[in-house]
Amino acid sequence: MAIAELPLPIARYHAPRRSRRAWSRAGLGLLLPAALLAFWAVGTAYRLFPPQVLPPPSLVWDSAVDTFRSGKLLSYAAISFYRVVVGFVIGAGVGLVLGVAMGLSRTVDDYVRPLFTAIAQVPNLGWIPLLVLLLGIGETLKLTIIAKAAFIPMVLNTADGIRRVSPQLLEVARSFRFSNSQLLRLVVLPAAVPSIFTGFRYGLAKAWTALVAVELLAASEGLGYLLVWGRQMFWMDLVIFAIIIIGVIGFAMDFCLTRAETYLQRWRTEPEQ
Amino acid sequence: MSRALDRRRWTRFRRGVTLPVLLIALWFFATHAGLVDSRLLPPIEAVLRAGRVEWTEGALLQNLEASLFRNLAGFAIGSTLGLAFGMALGISPLIEKLCGPLFHGLRQVALLAWVPLICMWLGLGEASKIAFIAIAAFVPVALNTYQGARAAPPQLLEVSRVLLLSPRQMFRRVYLPAALPSVVTGIHLALIYSWLATIGAEYFMALGPGLGGLILAGRDRFEMDLVILGVFILGLVGFALNLIAQFAAGRLLRWE
């Protein structure tokens, strides 16, 4: 049975229209950052802060341009991006499978849950020294840490989403005599999609944080290393620029996933109570 | 009924301990049969011995105390500020419009990326560690409080306006109860994040006692037993904090 044969409620998705109010809102929102920037510029121009502590915005801009021109920014960003994507795909993939298994089967959940909880209790950073000794400081270490970071929220949210599939739907499916694979494909997984997506988003955010952590501790290239390098050289402008870049990429990834989520779930309506 | 429940609980317990017990048995067997390099995976007794040595003559307790104190100080500062900021953001549309975008922008920065900046501004001492932990606790509390307060039912707001409640009464009777469940979630998250941040602070600003320092020392001296012990204690403390948060959440939200 194809998905199209199921009479799914279809909701028209209206893209929010940009109105004048939205623009005035954006203007107000920019006020404070602009004021801070102005204060920063004026403060450094009048030497309120020593430049080693807070370099003027122009210097940060210059170092941004320099890093970009030398090609370092792109190559570092590419390396970091590659690490996050590979680690995330491994971690989220394994997490998805385990989460589905834990959600579907009480037995699996009973067996795995306590050990899983115990592993999840130790903060990600705690594993790094242990894994450094076991795996060295190569690429394996980075991918393992990132995968583990993505793995935990993925498992939790997937299992939770599957567990909470509405009993009415299951009942209907049972009275239609769905086979197990139909049940999984047509009822359980679609109903769990929002939770799985939450897991994706958290997993990606965690993976990004883990990337920064592991690159700060053990790397010789990548965006996190840019921070280490700037700190060692006492180039505050580079440090500030690296923080901005890390924030922007984190934001962009979250934004894209949110958009993808809305798009993929445009067929959903609110379930009736 | 209760018998069935007991049996169910027993099954769950039996199944739950299976994997950990198997792993520990495997660990024991592998180290004693000489299957693994004992420098990479020391036998269990070595870890226990390291624990005893650190406890009696080392400074395990002192390290733990320093870490916990730091953690709680940063957590208290961060979550209090987060609560106030989140409430202001949730209640006043003007403040939301002014500060919202900046807040949402800054919270995208991965937590640890702040470390170099904080180090350069505040040095490697206690102040910068606590500041870092406070940031970690601030973000989830502020975000959840904001969302909770904004979700205050409009009907109640209308009624309270009709009844001419003072701003203080509005806060106490409408906003606070409406936001409380998500505030509790935020504080729970903040406890977890601040513990992570404590470890991070101790890794990157390795000065003075702390559990992170203990683990790093173990790594530098290649004493795997010390590292495993440290990771184990990290997990234990995280678990305890989680338990306290869950208990507190249950108490605070018992009217739900």
# chains A, B, ... in the order shown; residues from 1 in each chain; ligands from 1
>>> interface_residues(of="chain B", to="chain A", cutoff="7 Å", atoms="only C-alpha atoms", output="PyMOL selection string")
chain B and resi 12+15-16+18-20+40+97-102+108-113+116-117+120-121+196+199-200+216+219+227-228+231+234-235+238-239
>>> residues_around(residues="Ala240 of chain B", least_positions_apart="3", cutoff="12 Å", atoms="only C-alpha atoms", output="ChimeraX atom specification")
/A:118,121-122 /B:68,191-192,195,233-237,243-247
>>> residues_around(residues="Ala260 of chain A", least_positions_apart="5", cutoff="12 Å", atoms="only C-alpha atoms", output="PyMOL selection string")
chain A and resi 194+197-198+200-201+253-255+265-266
>>> write_last_selection(atoms="N, CA and C atoms", output="mmCIF file, in the first residue's frame")
data_model
loop_
_atom_site.group_PDB
_atom_site.id
_atom_site.type_symbol
_atom_site.label_atom_id
_atom_site.label_comp_id
_atom_site.auth_asym_id
_atom_site.auth_seq_id
_atom_site.Cartn_x
_atom_site.Cartn_y
_atom_site.Cartn_z
ATOM 1 N N PRO A 194 8.051 13.727 14.129
ATOM 2 C CA PRO A 194 8.420 14.970 14.835
ATOM 3 C C PRO A 194 9.470 14.754 15.915
ATOM 4 N N PHE A 197 12.805 14.156 14.414
ATOM 5 C CA PHE A 197 13.400 15.400 13.953
ATOM 6 C C PHE A 197 13.976 16.222 15.096
ATOM 7 N N THR A 198 13.257 16.225 16.221
ATOM 8 C CA THR A 198 13.814 16.896 17.394
ATOM 9 C C THR A 198 15.159 16.271 17.745
ATOM 10 N N PHE A 200 17.193 14.794 15.691
ATOM 11 C CA PHE A 200 18.144 15.272 14.689
ATOM 12 C C PHE A 200 18.712 16.623 15.066
ATOM 13 N N ARG A 201 17.790 17.527 15.418
ATOM 14 C CA ARG A 201 18.237 18.897 15.697
ATOM 15 C C ARG A 201 19.131 18.954 16.921
ATOM 16 N N MET A 253 23.033 25.860 10.509
ATOM 17 C CA MET A 253 22.640 24.448 10.494
ATOM 18 C C MET A 253 21.282 24.253 11.148
ATOM 19 N N ASP A 254 21.088 24.931 12.277
ATOM 20 C CA ASP A 254 19.811 24.802 12.967
ATOM 21 C C ASP A 254 18.676 25.340 12.105
ATOM 22 N N PHE A 255 18.934 26.473 11.449
ATOM 23 C CA PHE A 255 17.937 27.113 10.597
ATOM 24 C C PHE A 255 17.537 26.187 9.456
ATOM 25 N N GLN A 265 7.109 18.228 6.921
ATOM 26 C CA GLN A 265 5.907 17.919 7.689
ATOM 27 C C GLN A 265 4.740 18.780 7.291
ATOM 28 N N ARG A 266 4.770 19.324 6.064
ATOM 29 C CA ARG A 266 3.706 20.228 5.674
ATOM 30 C C ARG A 266 2.376 19.502 5.547
#
>>> select_by_dssp(residues="segment 37-170 of chain B", states="alpha helix (DSSP H)", output="ChimeraX atom specification")
/B:44-56,60-91,93-106,114-122,126-150,154-162,167-170
>>> write_last_selection(atoms="C-alpha atoms", output="CSV table (one decimal), in the first residue's frame")
chain,number,residue,atom,x,y,z
B,44,ILE,CA,39.3,-3.4,37.9
B,45,GLU,CA,41.3,-3.8,41.0
B,46,ALA,CA,43.7,-1.2,39.8
B,47,VAL,CA,40.9,1.3,39.3
B,48,LEU,CA,39.6,0.5,42.8
B,49,ARG,CA,43.1,0.8,44.2
B,50,ALA,CA,43.5,4.2,42.5
B,51,GLY,CA,40.2,5.2,44.1
B,52,ARG,CA,41.4,4.2,47.5
B,53,VAL,CA,44.8,5.8,47.2
B,54,GLU,CA,43.3,9.0,45.9
B,55,TRP,CA,40.7,9.0,48.7
B,56,THR,CA,43.1,8.4,51.5
B,60,LEU,CA,40.0,13.2,45.8
B,61,LEU,CA,37.7,14.7,48.3
B,62,GLN,CA,39.3,18.1,47.9
B,63,ASN,CA,39.1,17.9,44.1
B,64,LEU,CA,35.5,16.9,44.3
B,65,GLU,CA,34.6,19.6,46.7
B,66,ALA,CA,36.3,22.3,44.5
B,67,SER,CA,34.4,21.1,41.4
B,68,LEU,CA,31.1,20.9,43.1
B,69,PHE,CA,31.5,24.3,44.7
B,70,ARG,CA,32.4,25.8,41.3
B,71,ASN,CA,29.5,24.1,39.7
B,72,LEU,CA,27.0,25.2,42.2
B,73,ALA,CA,28.2,28.8,42.3
B,74,GLY,CA,28.1,29.1,38.6
B,75,PHE,CA,24.8,27.4,38.4
B,76,ALA,CA,23.3,29.6,41.0
B,77,ILE,CA,24.5,32.8,39.3
B,78,GLY,CA,23.6,31.7,35.8
B,79,SER,CA,20.2,30.4,36.5
B,80,THR,CA,19.2,33.4,38.7
B,81,LEU,CA,20.2,35.8,35.9
B,82,GLY,CA,18.6,33.5,33.3
B,83,LEU,CA,15.3,33.4,35.3
B,84,ALA,CA,15.2,37.2,35.5
B,85,PHE,CA,16.2,37.8,31.9
B,86,GLY,CA,13.8,35.1,30.6
B,87,MET,CA,10.9,36.5,32.6
B,88,ALA,CA,11.6,40.1,31.3
B,89,LEU,CA,11.8,38.8,27.8
B,90,GLY,CA,8.6,36.8,28.1
B,91,ILE,CA,6.6,39.5,29.8
B,93,PRO,CA,7.2,42.7,24.3
B,94,LEU,CA,9.5,45.7,24.1
B,95,ILE,CA,12.3,43.9,25.9
B,96,GLU,CA,11.7,40.9,23.7
B,97,LYS,CA,12.0,43.0,20.6
B,98,LEU,CA,15.1,44.8,21.8
B,99,CYS,CA,17.1,41.9,23.3
B,100,GLY,CA,15.6,38.8,21.7
B,101,PRO,CA,17.6,38.8,18.5
B,102,LEU,CA,20.8,39.4,20.3
B,103,PHE,CA,20.1,36.6,22.8
B,104,HIS,CA,19.1,34.2,20.1
B,105,GLY,CA,22.2,35.1,18.1
B,106,LEU,CA,24.6,34.7,21.0
B,114,TRP,CA,33.6,31.2,24.8
B,115,VAL,CA,36.5,29.7,26.7
B,116,PRO,CA,39.3,31.5,25.0
B,117,LEU,CA,37.5,34.8,25.2
B,118,ILE,CA,36.7,34.4,28.9
B,119,CYS,CA,40.3,33.3,29.6
B,120,MET,CA,41.7,36.3,28.0
B,121,TRP,CA,39.4,38.6,29.8
B,122,LEU,CA,39.3,37.1,33.3
B,126,GLU,CA,38.2,30.9,39.7
B,127,ALA,CA,36.4,33.9,38.3
B,128,SER,CA,36.6,32.8,34.8
B,129,LYS,CA,35.6,29.3,35.6
B,130,ILE,CA,32.5,30.4,37.4
B,131,ALA,CA,31.7,32.9,34.7
B,132,PHE,CA,31.9,30.1,32.1
B,133,ILE,CA,29.7,27.8,34.1
B,134,ALA,CA,27.2,30.7,34.7
B,135,ILE,CA,26.9,31.2,30.9
B,136,ALA,CA,26.2,27.5,30.5
B,137,ALA,CA,23.4,27.6,33.1
B,138,PHE,CA,22.1,31.0,31.9
B,139,VAL,CA,21.1,30.0,28.4
B,140,PRO,CA,18.7,27.1,29.0
B,141,VAL,CA,17.1,28.8,32.0
B,142,ALA,CA,16.6,32.0,30.1
B,143,LEU,CA,15.3,30.3,27.0
B,144,ASN,CA,12.8,28.0,28.8
B,145,THR,CA,11.6,30.8,31.2
B,146,TYR,CA,11.0,33.0,28.2
B,147,GLN,CA,9.0,30.4,26.3
B,148,GLY,CA,7.0,29.5,29.5
B,149,ALA,CA,6.1,33.1,30.3
B,150,ARG,CA,5.2,33.9,26.7
B,154,PRO,CA,-4.3,35.0,27.1
B,155,GLN,CA,-7.6,34.4,28.9
B,156,LEU,CA,-5.9,34.6,32.3
B,157,LEU,CA,-4.0,37.7,31.2
B,158,GLU,CA,-7.3,39.3,30.1
B,159,VAL,CA,-9.0,38.4,33.4
B,160,SER,CA,-6.2,39.8,35.4
B,161,ARG,CA,-6.3,43.0,33.5
B,162,VAL,CA,-10.0,43.3,34.1
B,167,PRO,CA,2.1,44.0,38.0
B,168,ARG,CA,3.4,42.2,41.0
B,169,GLN,CA,0.2,40.2,41.4
B,170,MET,CA,0.2,39.5,37.7
